[in-house]
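*Asks:* Sharing a structure below in structure tokens format, with a few things to ask.
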Amino acid sequence: MSDTKIDESGPETTLIDLRNAERGGAVRRLLRAQSFQILLVLLVIVAIFSAIAPDYFAQLSNFRLIVQNASILAVIGVGMTFIIITSGIDLSVGSVLVFSGVVAAMVMRAIGGDGWGVAFIGIVVAILSGLAWGILNGVLIAKAKVPPLIVTLGSMGMALGFAQILTGGIDIREAPAVLSDVIGYGNVLGTVPVLSVIALVIVVIGAIVLHYTRFGRYTYAVGSSEEASRRVGVKVDRHLIKVYALSGALSGFAGILSLAQFNTTAIAGQSTTNLNVIAAVVIGGTSLFGGLGTIFGTVVGLFIPAVLQNGFVITGVQPFWQQVAVGAVLIVAVYVDQARRSSALRGGQSTSSLWRRLVTRSPK
Amino acid sequence: MTVPVLEAKGISRMFGHVRALDNAHFDIYPGEVVALIGDNGAGKSTLVKALSGNLAIDSGEILFDGEPVQFTSPNQASALGIETVHQDLALAPHLDPVQNMYLGREIMQDGIGKLFGFMKTAEMREKSRIAFDELGATVRSLTLPVGSMSGGQRQAIAIARAVSWANRVVFLDEPTAALGVRQTKNVLETIRRVRDKGIAVVFISHSMPHVMEVSDRVQVLRLGASAATLTTSKTSMEELVGLMTGASTKGIS
């Protein structure tokens, strides 16, 4: 905000630009936020595919498909956003999803039946299974001080291993009928998938918690400076455990959603889920170094790979190009984050425009 | 004479074989600025940590309002109205001044809002604004992250935070070390205002001119022991430097 800069040689009084904050500051900050700029990128991609294939891509049914496919990842993405804001990482989400799905499926199979009662038990079991892995991750990271990358790499292997031990490596293909009929394939208002409505509810709650509650405030504080948080009396260890527990519980819930959608535990099907979710969070403007990020950005970040994949298939481009494109977007996103951080360290603007960064090299 | 608000009597602390504090004394009265000086390794930081609850002592006694106290955590010292501004300021760079001001002490909404962890954002902002105004702190914005602000502004925020929670004693560890001329002037002015509110200020500094300018008394530490206690108006920079380095022994009782 160079135009609101106050002359250093001015009178030594309190200069609080409350007026500036009210007068268009919020709008301008929104325009400069990385998540908003990524949204523009997404809209451009959608516009291009819509122009190329208006009859196939730009159809409500196609958008519905894209949204449905991104729903489960969005549930995991909420937890991952919290974790990455604390400057942590969770590689175990995909394996925890599988493990929770397997445990829930086995419990439901043992009880038997197709009603809501057994489905409800399955949902609770899945969430608790995920929660247990999350707490284990959190305790090892916060108390035993093992780096998050290593802890969750370990639990990633362990959760998947246990899932395979429990099932002998053979997918369980039974789930109560209500799960797949209502949650998996059900619709609200005729065309909106129930799965996506559930994901939307979790995304909205996650965003409110992150931006408006003390829990969210501490998440940013711990990621911004663990030492400063500790000194002012924030219980950093306990907060980290809670954040990893949240991610675990959401991954567990995603396990039951996946079971509902695909009617199988898909043991081998989640090997890149963790990386896809992390990429989405980072593309959405959340800093891997902690202290910065939004749930909104994560959702936008999820749709870029999803739309690219869908669009390439429809327009007849080899879908492998999607991986190339997403990789490039990811690197650009992290480059912008790095540049922003080093600029902030030099005392420059911390909210400088993405475009300016990419187009001009910032003067050193 | 009144009772010192905070007093250390013959406190010692060993780190392995190093005697960081050796029978050190310290006292400060309400509404007084006491400069704590000493060469590197003289035990200034150790003494401050002991008096602010960040470090246990091996022997000796700490008195608060004349009553013996044993600090086991910084929170305990905070509860008594003792706050420390560390050299690194302990601010979260991504949070704005208001969020930093109330970090760990958020004002929560009443009733159901509190249950869900919602905060009274407007009230915290208003109270922060008043606190910054009261100190004449130059805070450019209440909504930008403090990481994007100058060293002087960050220092002002850290001091304002400490002062608004401390009603008895504030420790300032090298508050002017990284500042320019103008910011330094601001900080020294702030120290006087805090003192005028009746709060005791412990000012740790290597800068003799600043010590001479702002303090009422000076306590000198050397090799972990109290070397001297002097009234600022009756001493000189040369004498202080001499006492710090051991070249002079005047004032040792």
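Residues in the structure tokens are numbered from 1 in each chain, the chains being A, B, ... in the order shown, and ligands are numbered from 1 in the order shown.
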Would you kindly report the residues of chain B within 10 Å of chain A, using only C-alpha atoms, as a VMD selection string?

*Replies:* chain B and resid 54 73 to 75 78 83 to 84 86 88 to 95 99 to 108 113 to 114 116 to 121 129 to 130 132 to 151 182 to 183 186

*Asks:* Export, as a PDB file, in the first residue's frame, the selected residues with C-alpha atoms.

*Replies:*
```
ATOM      1  CA  ASN B  54      11.846 -18.306  33.162  1.00  0.00           C
ATOM      2  CA  SER B  73       6.695 -20.545  35.249  1.00  0.00           C
ATOM      3  CA  PRO B  74       6.482 -17.238  33.366  1.00  0.00           C
ATOM      4  CA  ASN B  75       2.688 -17.393  33.705  1.00  0.00           C
ATOM      5  CA  SER B  78       2.568 -12.645  34.642  1.00  0.00           C
ATOM      6  CA  GLU B  83       6.152  -8.884  32.070  1.00  0.00           C
ATOM      7  CA  THR B  84       9.317  -9.163  30.000  1.00  0.00           C
ATOM      8  CA  HIS B  86      12.715 -10.054  25.204  1.00  0.00           C
ATOM      9  CA  ASP B  88      13.620 -10.934  19.979  1.00  0.00           C
ATOM     10  CA  LEU B  89      10.300  -9.321  21.003  1.00  0.00           C
ATOM     11  CA  ALA B  90       8.378 -12.599  20.814  1.00  0.00           C
ATOM     12  CA  LEU B  91       5.883 -11.290  18.267  1.00  0.00           C
ATOM     13  CA  ALA B  92       4.257 -13.561  15.692  1.00  0.00           C
ATOM     14  CA  PRO B  93       5.250 -11.882  12.394  1.00  0.00           C
ATOM     15  CA  HIS B  94       2.184 -12.960  10.413  1.00  0.00           C
ATOM     16  CA  LEU B  95      -0.312 -11.647  12.936  1.00  0.00           C
ATOM     17  CA  GLN B  99      -3.732 -10.195  17.361  1.00  0.00           C
ATOM     18  CA  ASN B 100      -0.249 -10.061  18.876  1.00  0.00           C
ATOM     19  CA  MET B 101      -1.416  -7.820  21.697  1.00  0.00           C
ATOM     20  CA  TYR B 102      -4.028 -10.355  22.768  1.00  0.00           C
ATOM     21  CA  LEU B 103      -2.258 -13.570  21.772  1.00  0.00           C
ATOM     22  CA  GLY B 104      -2.785 -16.040  24.583  1.00  0.00           C
ATOM     23  CA  ARG B 105      -5.177 -13.626  26.313  1.00  0.00           C
ATOM     24  CA  GLU B 106      -7.993 -13.303  23.797  1.00  0.00           C
ATOM     25  CA  ILE B 107     -11.204 -11.706  24.963  1.00  0.00           C
ATOM     26  CA  MET B 108     -13.841 -14.339  24.330  1.00  0.00           C
ATOM     27  CA  GLY B 113     -19.955 -17.923  21.352  1.00  0.00           C
ATOM     28  CA  LYS B 114     -17.278 -18.686  23.913  1.00  0.00           C
ATOM     29  CA  PHE B 116     -17.256 -22.358  20.039  1.00  0.00           C
ATOM     30  CA  GLY B 117     -14.157 -20.240  20.560  1.00  0.00           C
ATOM     31  CA  PHE B 118     -15.372 -16.976  19.044  1.00  0.00           C
ATOM     32  CA  MET B 119     -13.610 -13.792  20.127  1.00  0.00           C
ATOM     33  CA  LYS B 120     -14.621 -10.184  20.677  1.00  0.00           C
ATOM     34  CA  THR B 121     -12.578  -8.793  17.818  1.00  0.00           C
ATOM     35  CA  ARG B 129      -5.776   1.260  19.991  1.00  0.00           C
ATOM     36  CA  ILE B 130      -6.173   2.883  23.399  1.00  0.00           C
ATOM     37  CA  PHE B 132      -0.962   2.243  21.734  1.00  0.00           C
ATOM     38  CA  ASP B 133      -2.311   5.782  22.031  1.00  0.00           C
ATOM     39  CA  GLU B 134      -1.519   5.897  25.708  1.00  0.00           C
ATOM     40  CA  LEU B 135       2.145   5.165  25.020  1.00  0.00           C
ATOM     41  CA  GLY B 136       2.251   7.415  21.986  1.00  0.00           C
ATOM     42  CA  ALA B 137       3.423   4.355  20.113  1.00  0.00           C
ATOM     43  CA  THR B 138       3.910   4.844  16.402  1.00  0.00           C
ATOM     44  CA  VAL B 139       1.872   1.998  15.008  1.00  0.00           C
ATOM     45  CA  ARG B 140       1.205   2.496  11.356  1.00  0.00           C
ATOM     46  CA  SER B 141      -1.598   0.018  10.966  1.00  0.00           C
ATOM     47  CA  LEU B 142      -3.653  -2.250  13.147  1.00  0.00           C
ATOM     48  CA  THR B 143      -4.410  -4.610  10.287  1.00  0.00           C
ATOM     49  CA  LEU B 144      -1.040  -5.269   8.613  1.00  0.00           C
ATOM     50  CA  PRO B 145       1.141  -8.143   9.833  1.00  0.00           C
ATOM     51  CA  VAL B 146       3.798  -6.921  12.269  1.00  0.00           C
ATOM     52  CA  GLY B 147       6.438  -8.721  10.179  1.00  0.00           C
ATOM     53  CA  SER B 148       6.035  -6.016   7.549  1.00  0.00           C
ATOM     54  CA  MET B 149       6.689  -3.215  10.034  1.00  0.00           C
ATOM     55  CA  SER B 150       9.916  -1.481  11.022  1.00  0.00           C
ATOM     56  CA  GLY B 151      11.981  -2.490  14.027  1.00  0.00           C
ATOM     57  CA  ARG B 182      14.305   8.476  16.363  1.00  0.00           C
ATOM     58  CA  GLN B 183      12.933   5.110  17.386  1.00  0.00           C
ATOM     59  CA  ASN B 186      10.507   6.992  21.226  1.00  0.00           C
TER      60      ASN B 186
END
```

*Asks:* Looking only at the backbone, which of the residues in stretch 68-279 of chain A does DSSP tag as alpha helix (DSSP H), as JSON, numbers by chain?

*Replies:* {"A": [68, 69, 70, 71, 72, 73, 74, 75, 76, 77, 78, 79, 80, 81, 82, 83, 84, 85, 93, 94, 95, 96, 97, 98, 99, 100, 101, 102, 103, 104, 105, 106, 107, 108, 109, 110, 111, 116, 117, 118, 119, 120, 121, 122, 123, 124, 125, 126, 127, 128, 129, 130, 131, 132, 133, 134, 135, 136, 137, 138, 139, 140, 141, 142, 148, 149, 150, 151, 152, 153, 154, 155, 156, 157, 158, 159, 160, 161, 162, 163, 164, 165, 166, 167, 177, 178, 194, 195, 196, 197, 198, 199, 200, 201, 202, 203, 204, 205, 206, 207, 208, 209, 210, 211, 212, 214, 215, 216, 217, 218, 219, 220, 221, 222, 223, 224, 226, 227, 228, 229, 230, 231, 236, 237, 238, 239, 240, 241, 242, 243, 244, 245, 246, 247, 248, 249, 250, 251, 252, 253, 254, 255, 256, 257, 258, 259, 260, 261, 262, 273, 274, 275, 276, 277, 278, 279]}

*Asks:* List the spatial neighbours of stretch 190-195 of chain A as a PyMOL selection string - criterion: any atom at most 7 Å away, only C-alpha atoms, same-chain residues fewer than 5 positions off excluded.

*Replies:* chain A and resi 68+71+183-185

*Asks:* Please dump the current selection as a compact mmCIF listing (two decimals), in the first residue's frame; keep C-alpha atoms.

*Replies:*
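As a result, result-v5.txt now contains:
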```
# COMPACT_ATOMS: atom_id res chain seq x y z
CA GLN A 68 -18.17 -34.48 -7.08
CA SER A 71 -15.36 -33.42 -2.75
CA ILE A 183 -24.27 -40.36 0.48
CA GLY A 184 -22.48 -41.91 -2.48
CA TYR A 185 -24.99 -41.33 -5.27
```

*Asks:* In Å, with one decimal, what is the gap from atom CA of B:Thr2 to atom CA of B:Met212?

*Replies:* 24.2 Å

*Asks:* I'd like the interatomic distance between atom CA of A:Ile170 and atom CA of A:Val98, to a tenth of an Å.

*Replies:*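 These atoms are spaced 12.3 Å apart.
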
*Asks:* Could you please write out, as a ChimeraX atom specification, every residue of stretch 99-251 of chain B that DSSP assigns to strand (DSSP E)?

*Replies:* /B:169-173,200-204,217-222,225-231

*Asks:* I'd like the contact shell of A:Phe63 - 12 Å cut-off, only C-alpha atoms, skipping same-chain residues fewer than 2 positions apart - returned as a short mmCIF file (atom, residue, chain, number, x, y, z; two decimals) with N, CA and C atoms, in the first residue's frame.

*Replies:*
```cif
data_model
loop_
_atom_site.label_atom_id
_atom_site.label_comp_id
_atom_site.auth_asym_id
_atom_site.auth_seq_id
_atom_site.Cartn_x
_atom_site.Cartn_y
_atom_site.Cartn_z
N VAL A 46 -11.12 -22.46 -17.05
CA VAL A 46 -12.50 -22.86 -17.34
C VAL A 46 -12.97 -22.18 -18.62
N PHE A 49 -11.33 -23.88 -21.79
CA PHE A 49 -11.96 -25.17 -22.13
C PHE A 49 -13.39 -24.98 -22.61
N SER A 50 -14.08 -24.02 -22.00
CA SER A 50 -15.47 -23.76 -22.41
C SER A 50 -15.53 -23.28 -23.85
N TYR A 56 -19.36 -30.05 -24.63
CA TYR A 56 -19.04 -31.13 -23.70
C TYR A 56 -18.55 -30.61 -22.36
N PHE A 57 -17.59 -29.66 -22.42
CA PHE A 57 -17.01 -29.18 -21.16
C PHE A 57 -17.97 -28.28 -20.41
N ALA A 58 -18.50 -27.27 -21.11
CA ALA A 58 -19.31 -26.27 -20.42
C ALA A 58 -20.74 -26.74 -20.20
N GLN A 59 -20.87 -27.90 -19.66
CA GLN A 59 -22.20 -28.42 -19.36
C GLN A 59 -22.34 -28.58 -17.85
N LEU A 60 -23.55 -28.35 -17.37
CA LEU A 60 -23.79 -28.47 -15.93
C LEU A 60 -23.41 -29.87 -15.43
N SER A 61 -23.73 -30.88 -16.24
CA SER A 61 -23.45 -32.26 -15.82
C SER A 61 -21.94 -32.48 -15.67
N LEU A 65 -19.77 -33.29 -12.24
CA LEU A 65 -18.82 -34.39 -12.11
C LEU A 65 -17.51 -33.92 -11.49
N ILE A 66 -17.03 -32.76 -11.97
CA ILE A 66 -15.76 -32.23 -11.44
C ILE A 66 -15.89 -31.96 -9.94
N VAL A 67 -17.00 -31.32 -9.57
CA VAL A 67 -17.21 -30.98 -8.16
C VAL A 67 -17.30 -32.25 -7.33
N GLN A 68 -18.01 -33.23 -7.82
CA GLN A 68 -18.17 -34.48 -7.08
C GLN A 68 -16.82 -35.16 -6.86
N ASN A 69 -15.98 -35.15 -7.91
CA ASN A 69 -14.68 -35.81 -7.79
C ASN A 69 -13.74 -35.09 -6.84
N ALA A 70 -13.96 -33.80 -6.64
CA ALA A 70 -13.07 -33.03 -5.77
C ALA A 70 -13.54 -33.05 -4.32
N THR A 191 -29.92 -32.21 -8.56
CA THR A 191 -28.64 -32.45 -9.23
C THR A 191 -27.39 -32.28 -8.36
N VAL A 192 -27.54 -31.70 -7.18
CA VAL A 192 -26.33 -31.45 -6.37
C VAL A 192 -25.99 -32.71 -5.58
N PRO A 193 -24.78 -33.27 -5.79
CA PRO A 193 -24.42 -34.50 -5.08
C PRO A 193 -24.38 -34.29 -3.57
N SER A 196 -20.95 -33.69 -2.21
CA SER A 196 -20.41 -32.33 -2.33
C SER A 196 -21.02 -31.39 -1.30
N PHE A 303 -9.42 -27.38 -7.45
CA PHE A 303 -10.15 -27.41 -8.72
C PHE A 303 -9.24 -27.24 -9.92
N ALA A 306 -8.25 -30.67 -11.02
CA ALA A 306 -9.47 -31.38 -11.40
C ALA A 306 -9.99 -30.89 -12.76
N VAL A 307 -10.00 -29.56 -12.93
CA VAL A 307 -10.50 -28.99 -14.18
C VAL A 307 -9.55 -29.31 -15.34
N ASN A 310 -10.04 -33.01 -16.39
CA ASN A 310 -11.31 -33.13 -17.09
C ASN A 310 -11.26 -32.48 -18.47
N GLY A 311 -10.69 -31.29 -18.51
CA GLY A 311 -10.64 -30.55 -19.77
C GLY A 311 -9.77 -31.23 -20.80
#
```

*Asks:* A:Gly206, A:Gly327, A:Gly168, A:Pro319: which is nearest A:Gly77, counting only C-alpha atoms?

*Replies:* A:Gly206

*Asks:* Kindly give the distance, in Å, that separates atom CA of A:His239 and atom CA of A:Thr219, rounded to a single decimal.

*Replies:* 7.5 Å

*Asks:* Show me, as a PyMOL selection string, the residues that have an atom within 12 Å of A:Val75 when counting only C-alpha atoms, minus same-chain residues fewer than 4 positions from it.

*Replies:* chain A and resi 68-71+79-82+93-94+97+195-207+246-258+273+277+281+295+298-299+302
